[in-house]
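**Q** Structure supplied as data.cif; contents: mmCIF, C-alpha atoms.
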data_my_file
#
loop_
_atom_site.label_atom_id
_atom_site.label_comp_id
_atom_site.auth_asym_id
_atom_site.auth_seq_id
_atom_site.Cartn_x
_atom_site.Cartn_y
_atom_site.Cartn_z
CA MET A 1 -6.75 -24.14 0.07
CA ILE A 2 -3.50 -22.25 -0.45
CA GLN A 3 -1.06 -23.67 -3.00
CA PHE A 4 2.67 -23.05 -3.47
CA PRO A 5 3.58 -22.83 -7.18
CA ASP A 6 7.19 -22.70 -8.36
CA GLY A 7 6.67 -19.41 -10.15
CA LEU A 8 4.26 -16.98 -11.76
CA SER A 9 4.55 -18.91 -15.04
CA ALA A 10 2.44 -21.67 -13.47
CA LEU A 11 -0.41 -19.18 -12.97
CA SER A 12 -0.11 -16.81 -15.90
CA GLU A 13 -2.73 -18.46 -18.12
CA ARG A 14 -5.36 -18.00 -15.40
CA TYR A 15 -5.06 -14.22 -15.17
CA GLU A 16 -5.36 -11.25 -17.49
CA VAL A 17 -4.51 -8.53 -14.96
CA VAL A 18 -1.97 -8.36 -12.14
CA LEU A 19 -2.24 -5.71 -9.43
CA CYS A 20 1.18 -5.87 -7.80
CA ASP A 21 2.41 -4.26 -4.60
CA VAL A 22 5.69 -2.34 -4.78
CA TRP A 23 7.60 -2.13 -1.48
CA GLY A 24 8.51 -5.62 -0.34
CA VAL A 25 7.59 -7.28 -3.64
CA ILE A 26 9.58 -5.64 -6.45
CA HIS A 27 12.03 -3.67 -4.29
CA ASN A 28 12.93 -3.09 -0.64
CA GLY A 29 13.59 0.63 -0.78
CA ARG A 30 17.28 0.01 -1.44
CA ARG A 31 17.38 -2.23 -4.52
CA ALA A 32 15.10 -3.98 -6.98
CA PHE A 33 14.33 -7.68 -6.70
CA ASP A 34 15.46 -8.75 -10.17
CA ALA A 35 13.54 -12.03 -10.26
CA ALA A 36 10.30 -10.26 -9.35
CA CYS A 37 10.76 -7.59 -11.99
CA ASP A 38 11.56 -10.23 -14.59
CA ALA A 39 8.39 -12.15 -13.70
CA LEU A 40 6.26 -9.08 -14.37
CA VAL A 41 8.10 -8.40 -17.63
CA ARG A 42 7.44 -11.99 -18.73
CA PHE A 43 3.76 -11.76 -17.73
CA ARG A 44 3.34 -8.65 -19.87
CA THR A 45 5.21 -10.27 -22.76
CA GLU A 46 2.57 -13.00 -22.74
CA GLY A 47 -0.21 -10.42 -23.05
CA GLY A 48 -1.09 -9.66 -19.44
CA LYS A 49 -1.58 -6.21 -17.95
CA VAL A 50 0.28 -5.07 -14.84
CA CYS A 51 -0.61 -2.16 -12.60
CA LEU A 52 1.65 -1.50 -9.63
CA ILE A 53 -0.51 -0.64 -6.64
CA THR A 54 1.13 0.86 -3.57
CA ASN A 55 0.05 2.46 -0.31
CA ALA A 56 2.76 5.12 -0.62
CA PRO A 57 1.15 8.45 0.40
CA VAL A 58 2.49 10.31 -2.64
CA PRO A 59 1.34 10.57 -6.27
CA LYS A 60 2.60 7.88 -8.61
CA ALA A 61 5.15 10.20 -10.22
CA GLN A 62 7.06 10.26 -6.92
CA VAL A 63 6.82 6.46 -6.65
CA ILE A 64 8.11 5.86 -10.17
CA ARG A 65 10.99 8.35 -9.93
CA TYR A 66 12.88 5.91 -7.69
CA PHE A 67 12.48 2.92 -9.97
CA GLU A 68 15.40 3.55 -12.30
CA PRO A 69 17.93 4.19 -9.49
CA LEU A 70 16.73 1.03 -7.72
CA GLY A 71 16.85 -1.02 -10.91
CA VAL A 72 13.12 -1.52 -11.57
CA PRO A 73 12.65 -1.65 -15.38
CA SER A 74 9.82 0.27 -17.04
CA GLU A 75 8.95 -2.90 -18.97
CA ALA A 76 7.71 -4.50 -15.72
CA PHE A 77 4.46 -2.53 -15.58
CA ASP A 78 1.83 -0.79 -17.68
CA ASP A 79 1.06 1.84 -15.06
CA CYS A 80 1.12 2.58 -11.36
CA VAL A 81 -1.38 3.92 -8.84
CA SER A 82 -0.76 4.92 -5.25
CA SER A 83 -2.71 5.57 -2.11
CA GLY A 84 -1.53 9.13 -2.64
CA ASP A 85 -3.40 9.26 -5.97
CA ALA A 86 -6.57 7.88 -4.37
CA THR A 87 -6.17 10.25 -1.41
CA ARG A 88 -5.96 13.25 -3.72
CA GLU A 89 -9.34 12.26 -5.15
CA VAL A 90 -10.82 12.29 -1.64
CA LEU A 91 -9.13 15.59 -0.77
CA ARG A 92 -10.67 17.23 -3.82
CA GLU A 93 -14.08 16.31 -2.43
CA GLN A 94 -13.19 17.78 1.00
CA ASN A 95 -11.40 20.94 -0.10
CA GLU A 96 -13.75 23.21 1.87
CA LYS A 97 -12.35 21.76 5.11
CA THR A 98 -9.28 22.84 7.05
CA PHE A 99 -6.73 20.11 7.77
CA TRP A 100 -4.36 19.13 10.54
CA ARG A 101 -1.43 17.80 8.54
CA LEU A 102 -0.16 14.94 10.69
CA GLY A 103 3.29 13.66 9.76
CA GLY A 104 5.32 14.09 6.65
CA ASP A 105 8.67 15.64 7.48
CA GLU A 106 9.92 16.36 3.95
CA GLY A 107 11.84 13.10 4.28
CA TRP A 108 11.54 10.03 2.12
CA GLU A 109 7.74 10.31 1.86
CA HIS A 110 7.96 13.82 0.35
CA ASP A 111 4.60 14.82 1.82
CA ARG A 112 4.08 18.06 -0.08
CA TYR A 113 3.45 16.16 -3.31
CA LEU A 114 0.38 14.59 -1.74
CA TYR A 115 -1.51 17.88 -1.59
CA GLU A 116 0.45 20.07 -4.01
CA GLY A 117 -1.91 22.04 -6.28
CA LEU A 118 -5.08 21.24 -4.32
CA ASP A 119 -5.23 24.61 -2.50
CA LEU A 120 -5.92 23.00 0.85
CA VAL A 121 -6.09 25.08 4.01
CA PHE A 122 -4.05 23.82 6.98
CA ALA A 123 -4.60 24.69 10.63
CA SER A 124 -3.40 23.57 14.05
CA GLU A 125 -4.70 20.31 15.45
CA GLU A 126 -6.95 22.32 17.81
CA ASP A 127 -8.52 24.39 15.00
CA ALA A 128 -8.70 22.02 12.01
CA ASP A 129 -11.81 20.19 10.78
CA MET A 130 -10.11 16.99 9.59
CA ILE A 131 -6.83 15.13 9.95
CA LEU A 132 -4.69 14.41 6.90
CA GLY A 133 -2.71 11.43 8.21
CA ILE A 134 0.51 11.16 6.21
CA GLY A 135 2.78 9.49 8.74
CA LEU A 136 4.63 10.05 11.98
CA GLU A 137 6.23 13.44 12.51
CA ASP A 138 9.65 11.86 12.98
CA GLN A 139 9.53 8.84 10.71
CA GLN A 140 12.88 7.55 11.91
CA ASN A 141 12.43 7.69 15.67
CA ASP A 142 8.81 8.15 16.79
CA GLU A 143 6.51 5.39 18.07
CA PRO A 144 2.74 5.44 17.36
CA GLU A 145 1.79 5.30 21.06
CA GLN A 146 3.39 8.71 21.52
CA TYR A 147 0.43 10.14 19.55
CA ARG A 148 -2.43 8.52 21.48
CA GLU A 149 -3.26 11.49 23.70
CA ARG A 150 -3.39 13.92 20.78
CA LEU A 151 -5.39 11.52 18.63
CA SER A 152 -7.81 10.83 21.46
CA ALA A 153 -8.44 14.56 21.87
CA ALA A 154 -9.06 14.91 18.14
CA ALA A 155 -11.46 11.96 18.15
CA HIS A 156 -13.44 13.47 21.01
CA ARG A 157 -13.70 16.74 19.04
CA GLY A 158 -15.42 14.76 16.28
CA MET A 159 -12.63 15.01 13.72
CA THR A 160 -12.31 12.54 10.83
CA MET A 161 -8.95 11.29 9.57
CA ILE A 162 -8.08 10.71 5.93
CA CYS A 163 -5.35 8.08 6.14
CA ALA A 164 -3.02 8.57 3.18
CA ASN A 165 -1.13 5.32 3.86
CA PRO A 166 -3.09 2.44 5.45
CA ASP A 167 0.12 0.42 5.93
CA LYS A 168 1.14 0.13 9.57
CA GLN A 169 4.80 -0.53 8.76
CA VAL A 170 7.10 -0.62 5.76
CA ARG A 171 10.46 -2.31 5.35
CA VAL A 172 13.27 -0.11 4.05
CA GLY A 173 16.34 -2.25 3.57
CA ASP A 174 16.69 -4.23 6.79
CA HIS A 175 14.61 -1.90 8.95
CA LEU A 176 10.88 -1.53 9.66
CA TYR A 177 9.38 1.93 9.93
CA TRP A 178 5.95 2.96 11.20
CA CYS A 179 3.40 4.40 8.77
CA ALA A 180 0.16 6.35 8.98
CA GLY A 181 -1.93 3.20 9.30
CA ALA A 182 -0.57 2.67 12.80
CA LEU A 183 -1.82 6.13 13.79
CA ALA A 184 -5.19 5.49 12.15
CA GLU A 185 -5.55 2.31 14.21
CA ILE A 186 -5.03 4.27 17.43
CA PHE A 187 -7.45 6.98 16.26
CA GLU A 188 -10.14 4.34 15.66
CA GLN A 189 -9.45 2.78 19.06
CA GLU A 190 -10.13 6.20 20.57
CA GLY A 191 -13.47 6.47 18.74
CA GLY A 192 -12.42 8.41 15.65
CA GLU A 193 -13.63 7.80 12.09
CA VAL A 194 -11.03 7.07 9.38
CA LEU A 195 -11.34 7.24 5.60
CA TYR A 196 -8.97 4.86 3.82
CA PRO A 197 -8.44 5.49 0.09
CA GLY A 198 -5.63 2.88 -0.10
CA LYS A 199 -5.43 -0.89 0.28
CA PRO A 200 -7.32 -2.90 1.45
CA HIS A 201 -10.20 -0.58 0.55
CA ALA A 202 -12.01 -0.25 -2.77
CA PRO A 203 -10.97 3.22 -4.08
CA ILE A 204 -7.40 2.28 -5.01
CA TYR A 205 -8.49 -0.94 -6.73
CA ASN A 206 -11.13 0.90 -8.75
CA LEU A 207 -8.52 3.50 -9.71
CA ALA A 208 -6.02 0.80 -10.73
CA LEU A 209 -8.46 -0.94 -13.06
CA LYS A 210 -9.60 2.39 -14.50
CA THR A 211 -5.97 3.31 -15.13
CA LEU A 212 -5.49 0.09 -17.09
CA GLY A 213 -8.64 0.77 -19.12
CA VAL A 214 -10.44 -2.19 -17.52
CA ASN A 215 -14.18 -1.89 -16.91
CA ARG A 216 -14.67 -2.87 -13.27
CA SER A 217 -18.31 -3.81 -13.74
CA ALA A 218 -17.53 -6.04 -16.74
CA VAL A 219 -14.29 -7.73 -15.67
CA ASP A 220 -14.36 -11.28 -14.34
CA PRO A 221 -12.79 -10.91 -10.87
CA LYS A 222 -11.21 -14.35 -11.20
CA THR A 223 -9.01 -13.01 -14.03
CA VAL A 224 -7.40 -10.47 -11.65
CA LEU A 225 -4.47 -11.48 -9.43
CA CYS A 226 -3.25 -9.30 -6.55
CA ILE A 227 0.36 -9.82 -5.44
CA GLY A 228 1.67 -8.56 -2.12
CA ASP A 229 3.58 -9.15 1.10
CA SER A 230 1.06 -7.82 3.62
CA PRO A 231 -1.78 -10.03 4.89
CA THR A 232 -3.70 -7.03 6.24
CA THR A 233 -3.59 -4.83 3.14
CA ASP A 234 -2.60 -6.78 0.01
CA ILE A 235 -4.19 -10.14 0.78
CA ARG A 236 -7.21 -8.88 2.70
CA GLY A 237 -7.80 -6.26 0.03
CA ALA A 238 -7.92 -8.95 -2.66
CA VAL A 239 -10.43 -10.92 -0.61
CA HIS A 240 -12.64 -7.85 -0.16
CA GLN A 241 -12.57 -7.15 -3.90
CA GLY A 242 -13.22 -10.76 -4.91
CA PHE A 243 -9.80 -11.15 -6.56
CA ASP A 244 -7.32 -13.99 -6.17
CA SER A 245 -4.08 -13.22 -4.36
CA LEU A 246 -0.46 -14.33 -4.28
CA TYR A 247 1.48 -13.80 -1.05
CA VAL A 248 5.24 -13.34 -1.37
CA GLY A 249 7.70 -13.59 1.50
CA THR A 250 10.15 -10.81 0.65
CA GLY A 251 8.59 -7.96 2.60
CA LEU A 252 7.33 -7.33 6.11
CA LYS A 253 7.73 -10.89 7.38
CA GLN A 254 11.15 -12.54 7.35
CA HIS A 255 10.50 -16.26 6.90
CA GLY A 256 12.57 -19.24 7.99
CA ALA A 257 13.09 -22.64 6.42
CA ASP A 258 9.49 -23.89 6.71
CA PHE A 259 7.88 -21.31 4.46
CA GLU A 260 4.63 -23.19 3.85
CA THR A 261 3.87 -23.75 7.54
CA GLU A 262 4.79 -20.17 8.42
CA VAL A 263 2.59 -18.70 5.68
CA ARG A 264 -0.43 -20.75 6.70
CA ALA A 265 0.01 -19.59 10.29
CA LEU A 266 0.59 -15.97 9.27
CA LEU A 267 -2.57 -15.80 7.17
CA ALA A 268 -4.61 -17.58 9.84
CA ASP A 269 -3.33 -15.16 12.49
CA ASN A 270 -4.53 -12.29 10.31
CA ASP A 271 -7.87 -13.99 9.55
CA THR A 272 -7.37 -14.00 5.79
CA MET A 273 -6.48 -16.41 3.02
CA ALA A 274 -4.55 -16.33 -0.25
CA GLN A 275 -4.87 -18.73 -3.16
CA TRP A 276 -1.11 -18.81 -3.74
CA ALA A 277 2.19 -18.14 -1.97
CA MET A 278 5.87 -18.03 -2.97
CA PRO A 279 9.02 -17.21 -0.98
CA GLN A 280 9.69 -14.57 -3.63
CA LEU A 281 8.03 -13.44 -6.82
CA GLU A 282 9.70 -15.11 -9.78
CA TRP A 283 8.78 -16.49 -13.17
#
Can you give me the file's structure in the form of structure tokens?
**A**
Amino acid sequence: MIQFPDGLSALSERYEVVLCDVWGVIHNGRRAFDAACDALVRFRTEGGKVCLITNAPVPKAQVIRYFEPLGVPSEAFDDCVSSGDATREVLREQNEKTFWRLGGDEGWEHDRYLYEGLDLVFASEEDADMILGIGLEDQQNDEPEQYRERLSAAAHRGMTMICANPDKQVRVGDHLYWCAGALAEIFEQEGGEVLYPGKPHAPIYNLALKTLGVNRSAVDPKTVLCIGDSPTTDIRGAVHQGFDSLYVGTGLKQHGADFETEVRALLADNDTMAQWAMPQLEW
């Protein structure tokens, strides 16, 4: 049954490792959440390890470069892994293919860093072997349904999509923007196969533990806590990996006064369950 602790300090003795989401948990794309950052700093001070784990479709260097301007302190984490990092591992295994590069407009996702240095070959959507799903072509204005006809045609040609960002939406400041996961959902509805290196799937979790120097086969899963704002990626991913999870209400969902009732309903609606929930991450 889900519980609602006052802060991370009430849980810290239970866990040795925290895998913490980024967007919506420690910042909103405009500014850092100071209380959340302080909680992670305090957890590390007490001997815990923290790996930030994000579905951003760029390598971690591009994720971290924004931390200082936003106010995220380096003391809040040991390391960071991204869906972009995990995607690059998959792309290395598929480098004999030609790719339809879907989305990525040199905007805030900086798509070129995802495949820079991998010597991939790109082709038109009619001639490519696979889809590299980065995002929508116009991240500010497009809607996922606008892509259904093209994605349906690709699915019927037998193409596979590598989805670099399984998130369907992300909150930037006060606005929600569509991500590659929304396109992947349509592609699957049309009969296409999708490879997901990011949350809630195993590759990014394995990479995060490896990055921290933690042996996945030897670690007690009940000593790992996943923190996030998305029931479908952060919380469901923790369930799939056998880890405990902490839902925080500072991201995709804007909660009202009855946080506990709303969270129970939200998780039930998404057919998942967290051990813990807080309105915001704090110590």
**Q** List the spatial neighbours of segment 61-76 of chain A as a tab-separated table (two decimals) with C-alpha atoms, in the frame of the given file - criterion: any atom at most 6 Å away, all atoms listed in the file, same-chain residues fewer than 6 positions off excluded.
**A**
chain	number	residue	atom	x	y	z
A	31	ARG	CA	17.38	-2.23	-4.52
A	32	ALA	CA	15.10	-3.98	-6.98
A	37	CYS	CA	10.76	-7.59	-11.99
A	40	LEU	CA	6.26	-9.08	-14.37
A	41	VAL	CA	8.10	-8.40	-17.63
**Q** State, in Å with one decimal place, the distance from atom CA of Leu136 of chain A to atom CA of Gln169 of chain A.
**A**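 Going from atom CA of Leu136 of chain A over to atom CA of Gln169 of chain A, I get 11.1 Å.
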**Q** Work out how far atom CA of Leu132 of chain A is from atom CA of Pro203 of chain A, in Å to one decimal.
**A**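 It comes out at 16.9 Å.
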**Q** Starting from the shown file, work through the PyMOL selection byres ((chain A and resi 239-252) around 8) and note down what comes out as a PyMOL selection string.
**A** chain A and resi 23-25+28+169-171+176+200-202+205+221-231+234-238+253-255+272-281
**Q** Could you check which of A:Cys163, A:Val50, A:Ala123, A:Val263 is closest to Leu19 of chain A, using all atoms listed in the file?
**A** A:Val50
**Q** How many Å separate atom CA of Arg101 of chain A from atom CA of Ser124 of chain A?
**A**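 Rounded to one decimal, the two atoms are 8.2 Å apart.
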